[in-house]
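A.B. asks: Pasting a structure here, questions to come.
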Amino acid sequence: MEMKRYPNDGCCERLHLDVCVDQHTPRQGILELLMKLRPEWKPEDIHIKAFTEGITNQLMGCYVGSLMQDPVLLVRVYGQMTELFMDRDKEMEMFQVLHKHGCGPELYCSFTNGICYEFVKGVVLDDTLLRQPSVYRLIATEMGKIHSIKSGETGNSSPVLWSRLSQFLNLVQSSDAPEQQKSSAHVEIPSLKIIIKEMEELKSHLTLINSPVVLCHNDLLTKNVIYNQEEGAVKFIDYEYADFNYQAYDIGNHFNEFAGINNVDSSLYPSYELQFDWLTAYLESFKWFNGGNSTVTKKEVLELYVQVCQFSLVCHGSIQLLL
């Protein structure tokens with residue numbers, strides 16, 4: 001097993017282990033990783049629990065003793081060909097930057113086809129928790145904190161939205177599969193030609209909106225929010241899409257998640273009252289972490305509300321490209 005250390009643009013070193021974990025029989029590869037990361041753990045005592053098996057990755061928790069009481073190390077194995085639309089170096093950079101600011105778990109290492117990182121204690125958010133004022137205000141506050149992280153720590157601060165949409169479109173266009181009219185929950189998905197036209201129209205309009213470019217999560221659905229009731233805190237996880245982007249996009253994308261992903265119910269989109277309360281908590285946090293007066297006016301909230309409503313439209317286009 002070869003071990004390497006990579007500098008990461010002045011942020012901090014990153015450990016890399018030359019190990020490949022088989023997706024179907026992962027235990028042997030995981031034990032090789034743990035020999036270096038947790039040498040005090042005896043192989044015969046190590047438990048491995050599969051958490052998810054998705055199209056983008058496979059996530060497993062490793063521990064000795066009790067899953068609920070003892071330290072857990074997470075191993076994520078990348079899905080095949082996901083490097084075509086995900087920047088893994090950027091993802092690891094985001095891990096380290098967010099951890100440095102107390103906003104994310106520690107990245108222990110990368111390996112040939114994945115990463116190992118710290119387990120975040122708490123429960124994955126569900127639709128009920130998402131709408132509780134005490135919880136959604138925590139989410140708004142945490143997003144305000146992340147959005148305040150300066151671009152000097154990560155280099156380029158150009159909005160990633162348009163380049164990423166272009167990348168998705170190019171992948172769809174170069175696909176060998178013939179274009180088809182798909183249907184999901186009896187709703188027809190527009191053709192690629194229509195989606196491209198809509199994206200161009202949105203780009204010409206949204207680039208004129210004065211939405212700040214900030215460090216964004218860009219994929220804040222419920223399963224990417226961990227709620228720790230004991231600590232009264234939330235943490236965001238999974239930084240595969242994290243990068244600099246428009247402030248209003250990150251918020252609008254999160255609001256869209258209220259309505260669901262696979263079975264979209266537009267009636268569940270947050271009400272004006274909920275959005276106003278959410279945005280007030282967000283602006284208080286964003287202004288405070290930027291060193292300013294955290295007092296928020298109704299005019300400021302309304303201005304952000306309008307921008308979020310406009311950027312939520314492009315989030316729908318992004319989702320259609322991924323279906």
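Identifiers for the structure tokens are assigned positionally: chains receive A, B, ... in sequence, residues are indexed from 1 per chain, and ligands are indexed from 1 in the order shown.
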Determine, using only C-alpha atoms, which residues of range 78-137 of chain A have any atom at most 12 Å from an atom of range 281-299 of chain A, and tabulate each with its shortest atom pair and distance in Å to one decimal place, rows ordered by chain and then rising number, as a tab-separated table.

C.D. replies:
residue	atom	partner	partner_atom	distance
A:His101	CA	A:Phe289	CA	11.3
A:Pro133	CA	A:Ala281	CA	10.2
A:Ser134	CA	A:Ala281	CA	10.6
A:Val135	CA	A:Ala281	CA	11.2
A:Tyr136	CA	A:Ala281	CA	9.0
A:Arg137	CA	A:Ala281	CA	5.8

A.B. asks: Enumerate as number ranges by chain all residues of range 31-246 of chain A assigned to alpha helix (DSSP H) by DSSP on the backbone, naming them with the chain letters and numbers the document uses.

C.D. replies: A: 31-37, 88-100, 127-130, 133-147, 161-173, 192-206

A.B. asks: What parts of range 170-301 of chain A does DSSP call strand (DSSP E)? I'd like the answer as a ChimeraX atom specification.

C.D. replies: /A:183-184,187-188,213-216,225-228,233-236,243-246

A.B. asks: Extract, using only C-alpha atoms, all DNA, RNA and protein residues at most 8 Å from range 29-42 of chain A, discarding same-chain residues fewer than 5 positions from it, and format them as number ranges by chain.

C.D. replies: A: 1, 17, 19-22, 64, 75, 108

A.B. asks: Would you output that residue set with N, CA and C atoms, as a PDB file, in the first residue's frame?

C.D. replies:
ATOM      1  N   MET A   1       0.847  -1.195   0.000  1.00  0.00           N
ATOM      2  CA  MET A   1       0.000   0.000   0.000  1.00  0.00           C
ATOM      3  C   MET A   1       0.883   1.246   0.000  1.00  0.00           C
ATOM      4  N   LEU A  17      -4.074   7.261  -0.205  1.00  0.00           N
ATOM      5  CA  LEU A  17      -3.648   5.875  -0.084  1.00  0.00           C
ATOM      6  C   LEU A  17      -3.935   5.146  -1.387  1.00  0.00           C
ATOM      7  N   VAL A  19      -5.076   2.519  -2.655  1.00  0.00           N
ATOM      8  CA  VAL A  19      -5.920   1.351  -2.389  1.00  0.00           C
ATOM      9  C   VAL A  19      -7.179   1.478  -3.231  1.00  0.00           C
ATOM     10  N   CYS A  20      -7.624   0.372  -3.810  1.00  0.00           N
ATOM     11  CA  CYS A  20      -8.883   0.353  -4.559  1.00  0.00           C
ATOM     12  C   CYS A  20      -9.871  -0.540  -3.812  1.00  0.00           C
ATOM     13  N   VAL A  21     -11.055   0.003  -3.527  1.00  0.00           N
ATOM     14  CA  VAL A  21     -12.088  -0.740  -2.801  1.00  0.00           C
ATOM     15  C   VAL A  21     -13.105  -1.280  -3.794  1.00  0.00           C
ATOM     16  N   ASP A  22     -13.263  -2.593  -3.833  1.00  0.00           N
ATOM     17  CA  ASP A  22     -14.222  -3.219  -4.744  1.00  0.00           C
ATOM     18  C   ASP A  22     -15.643  -2.924  -4.276  1.00  0.00           C
ATOM     19  N   VAL A  64     -15.778   0.018  15.644  1.00  0.00           N
ATOM     20  CA  VAL A  64     -15.520  -1.072  16.577  1.00  0.00           C
ATOM     21  C   VAL A  64     -16.369  -0.813  17.807  1.00  0.00           C
ATOM     22  N   VAL A  75     -16.544   5.502   4.732  1.00  0.00           N
ATOM     23  CA  VAL A  75     -15.836   5.205   3.480  1.00  0.00           C
ATOM     24  C   VAL A  75     -16.830   5.381   2.349  1.00  0.00           C
ATOM     25  N   TYR A 108     -10.240  12.367   6.077  1.00  0.00           N
ATOM     26  CA  TYR A 108      -9.098  11.599   6.547  1.00  0.00           C
ATOM     27  C   TYR A 108      -8.129  11.264   5.417  1.00  0.00           C
TER      28      TYR A 108
END

A.B. asks: Out of A:Gly104, A:Phe119, A:Ile139, A:Val314, which residue has the shortest atom-to-atom distance to Ser204 in chain A when counting only C-alpha atoms?

C.D. replies: A:Val314

A.B. asks: Go through A:Leu302, A:Leu74, A:Met68, A:Leu215 one by one, measure the shortest atom-to-atom distance of each to Thr52 in chain A using only C-alpha atoms, and give the residue with the smallest value.

C.D. replies: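 Distance minimum relative to Thr52 in chain A lands on A:Leu74.
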
A.B. asks: I need the residue nearest His254 in chain A from this list: A:Leu107, A:Ala140, A:Leu221, A:Ile196. Use only C-alpha atoms for the distance.

C.D. replies: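 Using only C-alpha atoms, His254 in chain A sits closest to A:Leu221.
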
A.B. asks: If you count only C-alpha atoms, which residues fall within 6 Å of Glu91 in chain A, apart from same-chain ones fewer than 3 positions away, as number ranges by chain?

C.D. replies: A: 88, 94, 239-240

A.B. asks: Those residues with C-alpha atoms, as an mmCIF file, in the first residue's frame please?

C.D. replies:
data_model
loop_
_atom_site.group_PDB
_atom_site.id
_atom_site.type_symbol
_atom_site.label_atom_id
_atom_site.label_comp_id
_atom_site.auth_asym_id
_atom_site.auth_seq_id
_atom_site.Cartn_x
_atom_site.Cartn_y
_atom_site.Cartn_z
ATOM 1 C CA ARG A 88 -13.264 15.122 -7.243
ATOM 2 C CA MET A 94 -14.326 21.906 -0.282
ATOM 3 C CA TYR A 239 -19.808 18.386 -1.278
ATOM 4 C CA GLU A 240 -19.780 16.841 -4.752
#

A.B. asks: In Å to one decimal, how far is CA of Asn224 in chain A from CA of Asn210 in chain A?

C.D. replies: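 Between these atoms lies a distance of 27.7 Å.
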
A.B. asks: Nearest residue to Pro270 in chain A out of A:Tyr117, A:Phe236, A:Phe85, A:Tyr305, using only C-alpha atoms?

C.D. replies: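 Ranked by minimum distance to Pro270 in chain A, first place goes to A:Tyr305.
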
A.B. asks: So how many Å separate CA of Ile209 in chain A and CA of Asn245 in chain A, to one decimal?

C.D. replies: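 Separation of CA of Ile209 in chain A and CA of Asn245 in chain A: 13.1 Å.
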
A.B. asks: Could you please determine the separation between CA of Ile46 in chain A and CA of Ser66 in chain A in Å, to one decimal place?

C.D. replies: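 Between CA of Ile46 in chain A and CA of Ser66 in chain A the gap is 10.4 Å.
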
A.B. asks: I need the residue nearest Asn228 in chain A from this list: A:Val124, A:Leu15, A:Met81, A:Val72. Use only C-alpha atoms for the distance.

C.D. replies: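 Among A:Val124, A:Leu15, A:Met81, A:Val72, it is A:Val124 that comes nearest to Asn228 in chain A.
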
A.B. asks: Name all residues at most 7 Å from range 159-164 of chain A (count only C-alpha atoms; drop same-chain ones fewer than 3 positions away) and give them as JSON, numbers by chain.

C.D. replies: {"A": [167, 168, 213, 243, 244, 245, 246]}

A.B. asks: Selection from above, all heavy atoms, as a CSV table (one decimal), in the first residue's frame, can you write it?

C.D. replies:
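And here is the file that came out, out31.csv:
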chain,number,residue,atom,x,y,z
A,167,GLN,N,-21.6,21.7,-19.1
A,167,GLN,CA,-21.0,20.3,-19.0
A,167,GLN,C,-22.1,19.2,-19.1
A,167,GLN,O,-21.9,18.3,-19.8
A,167,GLN,CB,-20.2,20.3,-17.7
A,167,GLN,CG,-19.5,18.9,-17.5
A,167,GLN,CD,-18.8,18.8,-16.2
A,167,GLN,OE1,-19.1,19.6,-15.3
A,167,GLN,NE2,-17.9,17.9,-16.0
A,168,PHE,N,-23.2,19.4,-18.3
A,168,PHE,CA,-24.2,18.4,-18.4
A,168,PHE,C,-24.8,18.3,-19.8
A,168,PHE,O,-25.1,17.2,-20.3
A,168,PHE,CB,-25.3,18.8,-17.4
A,168,PHE,CG,-25.0,18.6,-15.9
A,168,PHE,CD1,-25.5,19.4,-14.9
A,168,PHE,CD2,-24.1,17.6,-15.6
A,168,PHE,CE1,-25.2,19.2,-13.6
A,168,PHE,CE2,-23.7,17.4,-14.2
A,168,PHE,CZ,-24.3,18.2,-13.3
A,213,VAL,N,-21.8,36.4,-5.6
A,213,VAL,CA,-21.2,35.1,-5.8
A,213,VAL,C,-20.5,34.7,-4.5
A,213,VAL,O,-19.6,35.4,-4.0
A,213,VAL,CB,-20.2,35.1,-7.0
A,213,VAL,CG1,-19.5,33.7,-7.1
A,213,VAL,CG2,-20.8,35.4,-8.3
A,243,ASP,N,-19.2,24.7,-4.7
A,243,ASP,CA,-18.3,25.6,-5.4
A,243,ASP,C,-18.9,27.0,-5.3
A,243,ASP,O,-20.0,27.2,-4.8
A,243,ASP,CB,-18.1,25.1,-6.8
A,243,ASP,CG,-16.8,25.6,-7.5
A,243,ASP,OD1,-16.2,26.5,-7.0
A,243,ASP,OD2,-16.4,25.0,-8.5
A,244,PHE,N,-18.2,27.9,-5.8
A,244,PHE,CA,-18.7,29.3,-5.8
A,244,PHE,C,-19.8,29.4,-6.9
A,244,PHE,O,-19.7,28.9,-8.0
A,244,PHE,CB,-17.6,30.3,-6.1
A,244,PHE,CG,-16.8,30.6,-4.9
A,244,PHE,CD1,-15.8,29.8,-4.4
A,244,PHE,CD2,-17.1,31.7,-4.1
A,244,PHE,CE1,-15.1,30.1,-3.3
A,244,PHE,CE2,-16.5,32.0,-2.9
A,244,PHE,CZ,-15.4,31.2,-2.5
A,245,ASN,N,-20.9,30.1,-6.4
A,245,ASN,CA,-22.1,30.2,-7.3
A,245,ASN,C,-22.9,31.4,-6.8
A,245,ASN,O,-22.5,32.1,-5.8
A,245,ASN,CB,-22.9,28.9,-7.2
A,245,ASN,CG,-23.6,28.7,-8.5
A,245,ASN,OD1,-23.7,29.5,-9.4
A,245,ASN,ND2,-24.2,27.5,-8.6
A,246,TYR,N,-24.0,31.7,-7.4
A,246,TYR,CA,-24.9,32.8,-7.0
A,246,TYR,C,-25.5,32.5,-5.7
A,246,TYR,O,-26.1,31.4,-5.5
A,246,TYR,CB,-25.9,33.0,-8.1
A,246,TYR,CG,-25.3,33.4,-9.4
A,246,TYR,CD1,-25.3,32.5,-10.5
A,246,TYR,CD2,-24.8,34.7,-9.6
A,246,TYR,CE1,-24.8,32.9,-11.7
A,246,TYR,CE2,-24.3,35.1,-10.9
A,246,TYR,CZ,-24.3,34.2,-11.9
A,246,TYR,OH,-23.8,34.6,-13.1

A.B. asks: Can you work out which one of A:Val225, A:Val97, A:Gln173, A:Ser271 has the shortest atom-to-atom distance to Glu142 in chain A, counting only C-alpha atoms?

C.D. replies: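 Residue with the minimum atom-to-atom distance to Glu142 in chain A: A:Val225.
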
A.B. asks: Leaving out Leu208 in chain A and any residue of its chain fewer than 6 positions from it, which residues lie within 12 Å of it when counting only C-alpha atoms, given as a list of chain:residue names?

C.D. replies: A:Glu201, A:Leu202, A:Tyr246, A:Gln307, A:Gln310, A:Phe311

A.B. asks: Do a neighbour search on Ser267 in chain A at 12 Å with only C-alpha atoms, toss out local chain neighbours closer than 3 positions, and write the hits as a list of chain:residue names.

C.D. replies: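 Selected residues are A:Asn256, A:Glu257, A:Phe258, A:Ala259, A:Gly260, A:Asn263, A:Val264, A:Pro270, A:Ser271.
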